[in-house]
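Undergrad: Following this line is my_file-v1.cif, made up of mmCIF, C-alpha atoms:
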data_my_file
loop_
_atom_site.label_atom_id
_atom_site.label_comp_id
_atom_site.auth_asym_id
_atom_site.auth_seq_id
_atom_site.Cartn_x
_atom_site.Cartn_y
_atom_site.Cartn_z
CA MET T 1 0.22 12.87 -14.20
CA ALA T 2 -2.95 12.07 -12.31
CA ASN T 3 -1.36 8.81 -11.11
CA LYS T 4 1.06 10.77 -8.95
CA LYS T 5 -1.57 11.57 -6.32
CA ARG T 6 -1.35 9.32 -3.32
CA LYS T 7 -4.43 7.89 -1.70
CA PRO T 8 -5.30 9.56 1.60
CA ILE T 9 -5.07 7.37 4.71
CA VAL T 10 -7.91 7.13 7.22
CA ALA T 11 -7.33 5.39 10.57
CA VAL T 12 -10.00 4.06 12.92
CA VAL T 13 -9.35 4.38 16.67
CA GLY T 14 -11.52 3.30 19.59
CA ARG T 15 -11.97 1.14 22.66
CA PRO T 16 -12.57 -2.64 22.42
CA ASN T 17 -16.06 -3.72 21.34
CA VAL T 18 -17.21 -0.33 20.06
CA GLY T 19 -17.56 -1.85 16.58
CA LYS T 20 -14.35 -0.86 14.77
CA SER T 21 -14.11 -4.19 12.96
CA THR T 22 -17.79 -4.11 12.01
CA LEU T 23 -17.30 -0.65 10.52
CA PHE T 24 -14.14 -1.80 8.75
CA ASN T 25 -15.87 -4.85 7.28
CA ALA T 26 -18.98 -2.87 6.32
CA MET T 27 -16.85 -0.45 4.34
CA ALA T 28 -14.68 -3.23 2.98
CA GLY T 29 -17.60 -5.39 1.96
CA GLU T 30 -19.95 -2.78 0.63
CA MET T 31 -17.95 -0.17 -1.09
CA ILE T 32 -14.80 -1.83 -2.16
CA SER T 33 -12.79 -3.62 -4.54
CA ILE T 34 -10.99 -5.66 -1.95
CA VAL T 35 -7.94 -7.03 -3.67
CA LYS T 36 -7.66 -10.80 -3.80
CA ASP T 37 -5.03 -11.84 -1.35
CA THR T 38 -1.65 -11.82 -2.99
CA PRO T 39 -0.29 -15.36 -3.18
CA GLY T 40 2.19 -16.09 -0.42
CA ILE T 41 0.71 -13.53 1.93
CA THR T 42 -1.36 -14.09 4.99
CA ARG T 43 -2.67 -10.97 6.53
CA ASP T 44 -5.28 -10.05 8.95
CA ARG T 45 -6.94 -7.16 7.23
CA ILE T 46 -5.14 -4.24 8.77
CA TYR T 47 -5.84 -2.04 5.76
CA VAL T 48 -8.21 -2.01 2.84
CA ASP T 49 -8.79 0.33 -0.10
CA VAL T 50 -12.21 1.97 -0.06
CA SER T 51 -13.87 3.66 -3.03
CA TRP T 52 -16.73 5.98 -2.22
CA LEU T 53 -18.29 8.20 -4.89
CA ASP T 54 -15.24 9.51 -6.75
CA LYS T 55 -12.82 9.20 -3.84
CA THR T 56 -10.48 6.35 -3.04
CA PHE T 57 -8.64 6.06 0.24
CA THR T 58 -6.89 3.50 2.41
CA LEU T 59 -8.71 2.58 5.60
CA ILE T 60 -6.53 1.36 8.45
CA ASP T 61 -7.71 -0.53 11.50
CA THR T 62 -5.27 0.39 14.26
CA GLY T 63 -6.95 -2.36 16.37
CA GLY T 64 -5.31 -4.88 18.60
CA ILE T 65 -6.56 -3.92 22.06
CA GLU T 66 -7.24 -6.79 24.42
CA PRO T 67 -10.02 -6.00 26.90
CA ASP T 68 -8.22 -6.34 30.20
CA SER T 69 -7.99 -3.77 32.93
CA LYS T 70 -8.92 -0.12 32.44
CA ASP T 71 -5.29 1.00 32.67
CA ILE T 72 -4.15 -1.35 29.95
CA ILE T 73 -7.00 -0.33 27.69
CA LEU T 74 -6.09 3.32 28.09
CA SER T 75 -2.37 2.82 27.43
CA GLN T 76 -3.13 0.68 24.36
CA MET T 77 -5.61 3.24 23.10
CA ARG T 78 -2.96 5.91 23.43
CA GLN T 79 -0.64 3.79 21.31
CA GLN T 80 -3.39 3.35 18.75
CA ALA T 81 -4.06 7.06 18.72
CA GLN T 82 -0.33 7.72 18.29
CA ILE T 83 -0.17 5.38 15.29
CA ALA T 84 -3.17 7.16 13.78
CA ILE T 85 -1.71 10.61 14.45
CA ASP T 86 1.61 9.57 12.89
CA SER T 87 0.26 8.00 9.76
CA ALA T 88 -3.26 9.13 8.91
CA ASP T 89 -4.66 12.13 7.03
CA VAL T 90 -7.98 11.75 8.85
CA ILE T 91 -8.79 9.90 12.09
CA VAL T 92 -12.17 8.30 12.76
CA PHE T 93 -12.67 8.12 16.54
CA MET T 94 -15.31 5.54 17.35
CA VAL T 95 -17.40 5.48 20.53
CA ASP T 96 -20.37 3.39 21.64
CA VAL T 97 -23.72 5.07 22.35
CA LYS T 98 -24.82 2.16 24.57
CA GLN T 99 -21.75 2.34 26.82
CA GLY T 100 -21.95 6.12 26.89
CA LEU T 101 -19.05 8.48 27.42
CA VAL T 102 -16.25 6.89 29.45
CA ASP T 103 -13.04 8.24 30.92
CA ALA T 104 -10.77 6.54 28.36
CA ASP T 105 -12.69 8.21 25.51
CA GLN T 106 -12.13 11.61 27.11
CA LYS T 107 -8.37 11.05 27.53
CA VAL T 108 -7.86 9.83 23.98
CA ALA T 109 -9.99 12.68 22.64
CA ASP T 110 -7.62 15.14 24.38
CA MET T 111 -4.65 13.53 22.67
CA LEU T 112 -6.35 13.59 19.27
CA ARG T 113 -7.45 17.18 19.71
CA ARG T 114 -3.92 18.31 20.52
CA SER T 115 -2.53 16.51 17.46
CA GLY T 116 -4.15 19.04 15.14
CA ARG T 117 -5.19 16.19 12.83
CA PRO T 118 -8.74 16.18 11.44
CA VAL T 119 -10.84 13.88 13.65
CA VAL T 120 -14.32 12.62 12.76
CA LEU T 121 -16.35 11.35 15.72
CA ALA T 122 -18.46 8.26 14.96
CA VAL T 123 -21.02 7.26 17.60
CA ASN T 124 -21.80 3.62 16.85
CA LYS T 125 -24.72 1.30 17.64
CA VAL T 126 -27.33 4.01 17.06
CA ASP T 127 -29.92 1.51 15.81
CA SER T 128 -32.73 4.00 16.25
CA GLN T 129 -32.22 7.74 15.91
CA GLN T 130 -35.35 8.51 17.93
CA LYS T 131 -34.30 6.30 20.81
CA TYR T 132 -30.64 7.29 21.04
CA MET T 133 -30.29 10.86 19.74
CA ALA T 134 -30.25 12.40 23.23
CA ASP T 135 -27.39 10.04 24.17
CA VAL T 136 -25.50 10.95 21.00
CA TYR T 137 -25.46 14.62 22.04
CA GLU T 138 -23.56 13.67 25.20
CA PHE T 139 -20.47 13.11 23.02
CA TYR T 140 -20.29 16.83 22.20
CA ASN T 141 -18.52 16.93 25.60
CA LEU T 142 -15.44 15.38 23.99
CA GLY T 143 -14.81 18.70 22.30
CA ILE T 144 -13.80 17.22 18.95
CA GLY T 145 -16.73 18.36 16.88
CA ASP T 146 -20.10 16.96 15.82
CA PRO T 147 -20.84 13.35 16.74
CA HIS T 148 -22.02 11.34 13.70
CA PRO T 149 -24.60 8.69 14.62
CA VAL T 150 -23.98 5.41 12.77
CA SER T 151 -24.86 1.76 13.05
CA ALA T 152 -22.00 -0.21 11.53
CA ALA T 153 -23.98 -3.45 11.92
CA ASN T 154 -27.04 -2.07 10.08
CA ARG T 155 -24.87 0.02 7.75
CA THR T 156 -26.83 3.18 8.50
CA GLY T 157 -25.29 6.64 8.69
CA LEU T 158 -22.15 5.52 6.83
CA GLY T 159 -22.77 7.85 3.88
CA ASP T 160 -22.88 10.94 6.10
CA LEU T 161 -19.81 9.72 7.98
CA LEU T 162 -17.86 9.19 4.77
CA GLU T 163 -18.90 12.57 3.45
CA GLU T 164 -17.40 14.17 6.55
CA VAL T 165 -14.23 12.03 6.26
CA VAL T 166 -13.53 12.85 2.60
CA GLY T 167 -14.26 16.52 3.30
CA HIS T 168 -11.01 16.59 5.28
CA PHE T 169 -8.82 15.14 2.50
CA PRO T 170 -6.02 17.41 1.29
CA LYS T 171 -7.49 19.69 -1.35
CA ALA T 172 -6.40 19.59 -4.97
CA ALA T 173 -4.68 22.94 -4.44
CA ASP T 174 -1.60 21.35 -2.95
CA GLU T 175 -1.24 19.21 -6.05
CA GLY T 176 -0.84 22.39 -8.08
CA GLU T 177 2.91 22.30 -8.20
CA GLU T 178 3.50 18.81 -9.48
CA ASP T 179 6.52 17.28 -7.79
CA GLU T 180 8.13 15.25 -10.56
CA ARG T 181 11.03 14.00 -8.44
CA PRO T 182 11.14 10.23 -8.18
CA ARG T 183 10.00 9.08 -4.74
CA VAL T 184 11.71 6.00 -3.35
CA ALA T 185 10.56 4.20 -0.20
CA ILE T 186 13.18 2.20 1.65
CA VAL T 187 11.25 -0.49 3.54
CA GLY T 188 12.00 -3.69 5.42
CA LYS T 189 12.00 -5.31 8.83
CA PRO T 190 13.69 -3.56 11.74
CA ASN T 191 17.51 -3.78 11.84
CA VAL T 192 18.12 -4.78 8.23
CA GLY T 193 20.14 -1.62 7.59
CA LYS T 194 17.64 0.79 6.05
CA SER T 195 19.10 3.82 7.85
CA SER T 196 22.67 2.85 7.01
CA ILE T 197 21.78 2.63 3.33
CA ILE T 198 20.16 6.07 3.31
CA ASN T 199 23.06 7.59 5.29
CA ARG T 200 25.53 6.05 2.90
CA LEU T 201 23.65 7.34 -0.15
CA ILE T 202 23.48 10.82 1.34
CA GLY T 203 27.13 10.72 2.39
CA GLU T 204 28.34 9.72 -1.02
CA ASN T 205 26.40 12.48 -2.65
CA ARG T 206 27.55 15.20 -0.25
CA VAL T 207 24.32 17.07 -0.48
CA ILE T 208 22.90 19.36 2.11
CA VAL T 209 19.99 17.35 3.31
CA SER T 210 16.81 19.03 4.18
CA ASP T 211 14.21 16.93 5.92
CA ILE T 212 10.99 17.80 4.24
CA ALA T 213 8.17 17.43 6.70
CA GLY T 214 6.26 14.69 4.94
CA THR T 215 2.51 14.38 5.15
CA THR T 216 3.22 11.50 7.50
CA ARG T 217 4.77 13.21 10.44
CA ASP T 218 7.72 11.04 11.08
CA ALA T 219 8.45 9.11 7.92
CA VAL T 220 11.21 11.55 7.18
CA ASP T 221 11.66 12.54 3.56
CA THR T 222 15.23 13.13 2.50
CA GLU T 223 16.29 14.85 -0.70
CA VAL T 224 19.31 13.31 -2.40
CA VAL T 225 20.97 14.52 -5.58
CA HIS T 226 22.87 12.01 -7.72
CA ASN T 227 24.40 12.90 -11.09
CA GLY T 228 22.35 16.08 -11.18
CA ARG T 229 19.03 14.31 -10.62
CA GLU T 230 17.00 14.88 -7.46
CA TYR T 231 15.36 12.01 -5.61
CA VAL T 232 13.15 11.97 -2.53
CA PHE T 233 13.83 9.04 -0.21
CA ILE T 234 11.02 8.11 2.16
CA ASP T 235 12.61 6.50 5.17
CA THR T 236 10.63 4.29 7.51
CA ALA T 237 13.67 3.49 9.59
CA GLY T 238 14.23 4.99 13.01
CA LEU T 239 10.52 4.92 13.56
CA ARG T 240 10.45 2.42 16.36
CA ARG T 241 9.01 4.75 18.90
CA LYS T 242 10.27 5.14 22.42
CA ASN T 243 6.87 4.21 23.80
CA LYS T 244 6.49 0.50 24.29
CA ILE T 245 4.85 -0.78 21.16
CA LYS T 246 5.84 -4.39 21.51
CA GLU T 247 2.80 -6.47 20.75
CA GLU T 248 1.74 -3.85 18.25
CA LEU T 249 5.10 -3.77 16.51
CA GLU T 250 4.20 -5.88 13.52
CA ARG T 251 0.89 -4.09 12.97
CA TYR T 252 2.67 -0.78 13.48
CA MET T 253 5.34 -1.75 10.95
CA ILE T 254 2.74 -2.76 8.38
CA ILE T 255 0.86 0.53 8.83
CA ARG T 256 4.13 2.44 8.42
CA THR T 257 4.95 0.45 5.33
CA VAL T 258 1.54 1.02 3.75
CA THR T 259 1.93 4.75 4.41
CA ALA T 260 5.42 4.93 2.90
CA VAL T 261 4.63 2.67 -0.07
CA GLU T 262 1.51 4.70 -0.86
CA ARG T 263 3.64 7.79 -1.44
CA ALA T 264 6.41 6.13 -3.46
CA ASP T 265 7.00 5.37 -7.12
CA VAL T 266 9.64 2.75 -6.40
CA VAL T 267 9.99 0.56 -3.33
CA VAL T 268 13.36 -0.79 -2.23
CA LEU T 269 12.78 -3.76 0.06
CA VAL T 270 15.91 -4.31 2.13
CA ILE T 271 16.44 -7.86 3.34
CA ASP T 272 19.18 -9.21 5.55
CA ALA T 273 21.46 -11.60 3.62
CA LYS T 274 21.91 -13.73 6.73
CA ASP T 275 18.17 -14.17 7.36
CA GLY T 276 17.03 -14.58 3.77
CA VAL T 277 13.44 -13.70 2.82
CA THR T 278 11.16 -14.03 5.83
CA GLU T 279 7.38 -14.09 6.08
CA GLN T 280 7.48 -10.49 7.21
CA ASP T 281 9.45 -9.55 4.06
CA ALA T 282 6.82 -11.33 1.97
CA LYS T 283 4.08 -9.29 3.67
CA ILE T 284 5.90 -6.05 2.91
CA ALA T 285 6.54 -7.10 -0.70
CA GLY T 286 2.84 -7.94 -1.02
CA ILE T 287 1.85 -4.42 0.00
CA ALA T 288 4.03 -2.92 -2.77
CA HIS T 289 2.75 -5.49 -5.28
CA GLU T 290 -0.91 -4.81 -4.47
CA ARG T 291 -0.31 -1.12 -4.91
CA GLY T 292 1.41 -1.58 -8.26
CA LYS T 293 4.74 -0.01 -7.31
CA GLY T 294 8.14 -0.47 -8.91
CA MET T 295 10.17 -2.99 -6.92
CA ILE T 296 13.84 -3.54 -6.12
CA ILE T 297 14.96 -6.14 -3.59
CA ALA T 298 18.24 -5.11 -2.01
CA VAL T 299 20.00 -7.94 -0.21
CA ASN T 300 22.07 -6.09 2.40
CA LYS T 301 25.08 -7.33 4.42
CA TRP T 302 26.21 -9.37 1.40
CA ASP T 303 29.80 -8.86 2.51
CA ALA T 304 29.07 -11.10 5.52
CA ILE T 305 28.11 -14.14 3.43
CA GLU T 306 30.57 -16.87 2.46
CA LYS T 307 30.34 -17.32 -1.28
CA ASN T 308 31.19 -19.69 -4.09
CA ASP T 309 30.43 -19.39 -7.81
CA LYS T 310 26.80 -20.54 -7.30
CA THR T 311 25.87 -18.43 -4.23
CA VAL T 312 24.27 -15.51 -6.10
CA TYR T 313 22.26 -17.77 -8.40
CA GLU T 314 21.02 -19.97 -5.55
CA TYR T 315 20.12 -16.96 -3.42
CA GLN T 316 18.19 -15.38 -6.29
CA GLN T 317 16.24 -18.61 -6.82
CA LYS T 318 15.29 -18.69 -3.14
CA ILE T 319 14.00 -15.11 -3.32
CA ARG T 320 12.10 -15.85 -6.55
CA ASN T 321 10.47 -18.92 -4.99
CA THR T 322 9.35 -17.12 -1.84
CA LEU T 323 8.19 -14.00 -3.70
CA SER T 324 6.76 -15.92 -6.64
CA PHE T 325 3.97 -13.35 -7.03
CA MET T 326 6.48 -10.70 -8.15
CA PRO T 327 8.82 -12.32 -10.68
CA TYR T 328 9.41 -8.84 -12.14
CA ALA T 329 11.25 -7.53 -9.04
CA GLU T 330 14.87 -6.49 -9.59
CA ILE T 331 17.35 -8.11 -7.18
CA MET T 332 20.66 -6.54 -6.08
CA PHE T 333 23.30 -7.64 -3.59
CA ILE T 334 24.72 -4.75 -1.60
CA SER T 335 26.51 -3.81 1.59
CA ALA T 336 25.76 -0.60 3.46
CA VAL T 337 28.91 -1.19 5.54
CA THR T 338 31.41 -1.48 2.67
CA GLY T 339 29.36 0.54 0.18
CA GLN T 340 29.48 -2.40 -2.25
CA ARG T 341 27.27 -1.77 -5.31
CA LEU T 342 25.38 1.06 -3.59
CA PRO T 343 26.10 3.58 -6.37
CA LYS T 344 24.46 1.10 -8.78
CA LEU T 345 21.27 1.38 -6.76
CA PHE T 346 20.57 4.73 -8.46
CA ASP T 347 20.95 3.14 -11.91
CA ARG T 348 18.44 0.46 -10.95
CA ILE T 349 16.04 3.02 -9.50
CA ASP T 350 16.26 5.08 -12.71
CA ALA T 351 15.59 2.02 -14.86
CA VAL T 352 12.62 0.92 -12.76
CA ILE T 353 11.14 4.45 -12.74
CA GLU T 354 11.38 4.53 -16.52
CA ASN T 355 9.72 1.11 -16.87
CA HIS T 356 7.01 2.00 -14.36
CA ALA T 357 6.01 4.97 -16.50
CA MET T 358 6.59 3.38 -19.93
CA ARG T 359 3.95 3.66 -22.65
CA ILE T 360 3.64 1.30 -25.60
CA SER T 361 1.94 2.43 -28.78
CA THR T 362 -1.35 0.69 -29.52
CA GLY T 363 -0.15 -0.54 -32.93
CA VAL T 364 2.93 -2.26 -31.54
CA LEU T 365 0.99 -3.71 -28.59
CA ASN T 366 -1.59 -5.28 -30.91
CA GLU T 367 1.16 -6.75 -33.09
CA ILE T 368 2.68 -8.45 -30.04
CA ILE T 369 -0.72 -9.80 -28.90
CA THR T 370 -1.55 -11.08 -32.41
CA GLU T 371 1.83 -12.81 -32.66
CA ALA T 372 1.38 -14.29 -29.16
CA THR T 373 -2.07 -15.70 -29.99
CA ALA T 374 -0.70 -17.21 -33.23
CA LEU T 375 2.10 -18.94 -31.26
CA GLN T 376 -0.21 -20.27 -28.56
CA GLN T 377 -3.91 -20.61 -29.20
CA PRO T 378 -6.17 -18.84 -26.72
CA PRO T 379 -8.15 -21.13 -24.39
CA SER T 380 -11.52 -22.57 -25.40
CA ASP T 381 -14.42 -24.11 -23.56
CA LYS T 382 -17.27 -26.25 -24.98
CA GLY T 383 -16.26 -25.37 -28.51
CA ARG T 384 -16.04 -21.61 -27.90
CA ARG T 385 -12.61 -20.07 -28.21
CA LEU T 386 -11.40 -16.85 -26.63
CA ARG T 387 -10.90 -14.07 -29.16
CA ILE T 388 -8.89 -10.95 -28.36
CA TYR T 389 -10.11 -8.18 -30.64
CA TYR T 390 -8.02 -5.28 -29.56
CA SER T 391 -5.75 -4.06 -26.79
CA THR T 392 -4.54 -0.67 -25.64
CA GLN T 393 -2.57 0.82 -22.76
CA VAL T 394 -4.76 2.98 -20.53
CA ALA T 395 -2.40 3.99 -17.70
CA VAL T 396 1.15 4.10 -16.37
CA LYS T 397 2.50 3.63 -12.83
CA PRO T 398 2.01 0.72 -13.20
CA PRO T 399 1.57 0.09 -16.95
CA THR T 400 -2.06 -1.01 -17.35
CA PHE T 401 -3.54 -2.64 -20.46
CA VAL T 402 -7.15 -3.24 -21.48
CA LEU T 403 -7.89 -6.31 -23.59
CA PHE T 404 -11.25 -6.41 -25.42
CA VAL T 405 -12.43 -10.01 -25.78
CA ASN T 406 -15.52 -11.98 -26.83
CA ASP T 407 -15.96 -13.72 -23.46
CA LYS T 408 -14.26 -12.82 -20.17
CA GLU T 409 -14.89 -16.28 -18.71
CA LEU T 410 -12.56 -17.81 -21.29
CA MET T 411 -9.59 -15.62 -20.28
CA HIS T 412 -7.72 -17.89 -17.90
CA PHE T 413 -5.17 -16.56 -15.45
CA SER T 414 -2.46 -18.68 -17.08
CA TYR T 415 -3.13 -17.10 -20.50
CA VAL T 416 -2.94 -13.58 -19.03
CA ARG T 417 0.42 -14.59 -17.51
CA TYR T 418 1.53 -15.88 -20.95
CA LEU T 419 0.60 -12.57 -22.62
CA GLU T 420 2.36 -10.65 -19.86
CA ASN T 421 5.53 -12.68 -20.49
CA LYS T 422 5.36 -11.93 -24.22
CA ILE T 423 5.00 -8.18 -23.54
CA ARG T 424 7.94 -8.36 -21.12
CA GLU T 425 10.05 -10.22 -23.72
CA ALA T 426 9.47 -7.34 -26.10
CA PHE T 427 9.80 -4.39 -23.70
CA GLY T 428 11.49 -5.60 -20.54
CA PHE T 429 9.41 -3.76 -17.94
CA GLY T 430 11.97 -4.88 -15.33
CA GLY T 431 11.05 -3.98 -11.76
CA THR T 432 7.45 -2.99 -12.48
CA PRO T 433 4.21 -4.95 -12.22
CA ILE T 434 1.88 -4.91 -15.23
CA LYS T 435 -1.89 -4.86 -14.84
CA PHE T 436 -4.51 -6.19 -17.25
CA ILE T 437 -8.17 -5.25 -17.41
CA ILE T 438 -10.32 -7.69 -19.41
CA ARG T 439 -13.40 -6.18 -21.08
CA GLU T 440 -16.11 -7.94 -23.01
CA ARG T 441 -17.30 -6.38 -26.20
CA LYS T 442 -21.02 -5.70 -25.85
CA GLY T 443 -23.17 -8.28 -27.56
CA GLU T 444 -20.29 -10.61 -28.43
CA LYS T 445 -20.66 -13.13 -25.63
CA GLY T 446 -23.30 -15.34 -27.18
CA LYS T 447 -21.70 -15.43 -30.63
#
Transcribe the structure of this file into structure tokens.
TA:
Amino acid sequence: MANKKRKPIVAVVGRPNVGKSTLFNAMAGEMISIVKDTPGITRDRIYVDVSWLDKTFTLIDTGGIEPDSKDIILSQMRQQAQIAIDSADVIVFMVDVKQGLVDADQKVADMLRRSGRPVVLAVNKVDSQQKYMADVYEFYNLGIGDPHPVSAANRTGLGDLLEEVVGHFPKAADEGEEDERPRVAIVGKPNVGKSSIINRLIGENRVIVSDIAGTTRDAVDTEVVHNGREYVFIDTAGLRRKNKIKEELERYMIIRTVTAVERADVVVLVIDAKDGVTEQDAKIAGIAHERGKGMIIAVNKWDAIEKNDKTVYEYQQKIRNTLSFMPYAEIMFISAVTGQRLPKLFDRIDAVIENHAMRISTGVLNEIITEATALQQPPSDKGRRLRIYYSTQVAVKPPTFVLFVNDKELMHFSYVRYLENKIREAFGFGGTPIKFIIRERKGEKGK
């Protein structure tokens, strides 16, 4: 079950203009498969998946500080540091060799040091080691370990920095005892009723709840037993901190969501029946979609909606239109207040978990593909037609298929979508995305 491992989260913290974005973009541009933006989603790149050597992790830019007065910078940096402490496995603290060591750096370093989290100190803008090395040593005074000289703009020193970062990732030892319990993240905008749903689920199941200290400090994990099966619910509710994170709230929420989604098998996106699907909901759904998680959309407060015989159908259509990039998502109408249909949530979760981990035998898969290509001819271009030689499933969570073809260029997006629909007709796969990898058979392209 290698797929069970979650990607570690690395957060970058630092004052304005020390080069956080340059570092972020250097890592994003150089070493990544940055995912094409999911349709329907606009996002400033708050997070990006980085692959380096054999390690993959999610890099988060806690950003968002406006250079103003010193006091404001310090209070915003503290918020940034708090976000990083709450959600990251490793924190990269970035300082600027040309500005030297400033008071705000010292204060934030104290906070990071007390957190007990691994912190890697990156001293940026070291364009010449000879010229700046003496200035780099000054940062030993922060007391958070060795300063790593880098130049994000010139992309120098990044390898050594990354080596230090991945050295702090949780070791394989703690994956020894494989936790097979389904992990469910309850996500959504503030005040849509996430906490009420979890409380209701716990209440109905009368289980002694133990809050497992999650790897993310305050996304509280709750064990729930239903019909003899144990589940772990990852709750991002109740996380609106006392400290005033107003302008950062959306960024904070997205970071929380990425962290929770990363650890889940199935994501339950709770939306408010009265508001419908908002842009913020679409952003959250996009995070789950990009990460290939099982998806249930729970429309809460359904008891408060006036209904006729077409209401459910019309509402579903609206959701499908807004979240057109995830037609596979399961939709349920619930009420945390009355408990309406909440017990059925477990049935849906079970079904989605099963589909998310479903394997199809190679023989059956190839039969379906052959039949599909007979029904609808593959695309052609300038007299050359796409040929699919063979297909096989290479992974689960989400189900991932490799198709071996004569020419990748001929495999249009619309034809992949057609094949996906045919596979879904045969096997359902409700609630789970399906991924396709298109491979060219060596030497076939010119034929």
Undergrad: I would like the residues chosen by the PyMOL selection byres ((chain T and resi 288) around 12) on the shown file; could you give them as number ranges by chain?
TA: T: 38, 184-188, 254, 257-269, 281-287, 289-297, 323, 325-326, 329, 398, 431-433
Undergrad: List, as a VMD selection string, every residue that the PyMOL selection byres ((chain T and resi 407-419) around 10) selects in the file provided.
TA: chain T and resid 368 to 369 372 to 373 376 to 381 384 to 388 403 to 406 420 to 425 435 to 447
Undergrad: Of the residues T:Ile197, T:Ala81, T:Arg256, T:Tyr390, which is the one nearest to Leu345 of chain T, using only C-alpha atoms?
TA: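 Using only C-alpha atoms, Leu345 of chain T sits closest to T:Ile197.
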Undergrad: Show me, as a PyMOL selection string, the residues that have an atom within 9 Å of segment 159-163 of chain T when counting all atoms listed in the file, minus same-chain residues fewer than 6 positions from it.
TA: chain T and resi 52+120-122+148-150
Undergrad: Carefully work through the PyMOL selection byres ((chain T and resi 277) around 10) for this structure and note down the residues it includes, as a VMD selection string.
TA: chain T and resid 270 to 276 278 to 282 299 315 318 to 323
Undergrad: Using all atoms listed in the file, find the one residue out of T:Lys194, T:Lys125, T:Arg183, T:Arg6 that sits nearest to Ala336 of chain T.
TA: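 Closest residue, counting all atoms listed in the file: T:Lys194.
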Undergrad: Which distance in Å separates atom CA of Phe57 of chain T and atom CA of Ala395 of chain T, to one decimal?
TA: 19.1 Å
Undergrad: From the list T:Gln340, T:Ala426, T:Val224, T:Val312, which residue is nearest Glu371 of chain T when using only C-alpha atoms?
TA: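 With only C-alpha atoms as the atom set, the closest residue is T:Ala426.
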Undergrad: Using all atoms listed in the file, which residue out of T:Ile60, T:Val119, T:Met332, T:Val126 lies closest to Val97 of chain T?
TA: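 Among T:Ile60, T:Val119, T:Met332, T:Val126, it is T:Val126 that comes nearest to Val97 of chain T.
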Undergrad: Please, what distance in Å, to one decimal, runs between atom CA of Ser128 of chain T and atom CA of Ser151 of chain T?
TA: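 Distance reported for this atom pair: 8.8 Å.
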Undergrad: What separation in Å, quoted to one decimal, exists between atom CA of Gly428 of chain T and atom CA of Ser324 of chain T?
TA: 17.9 Å
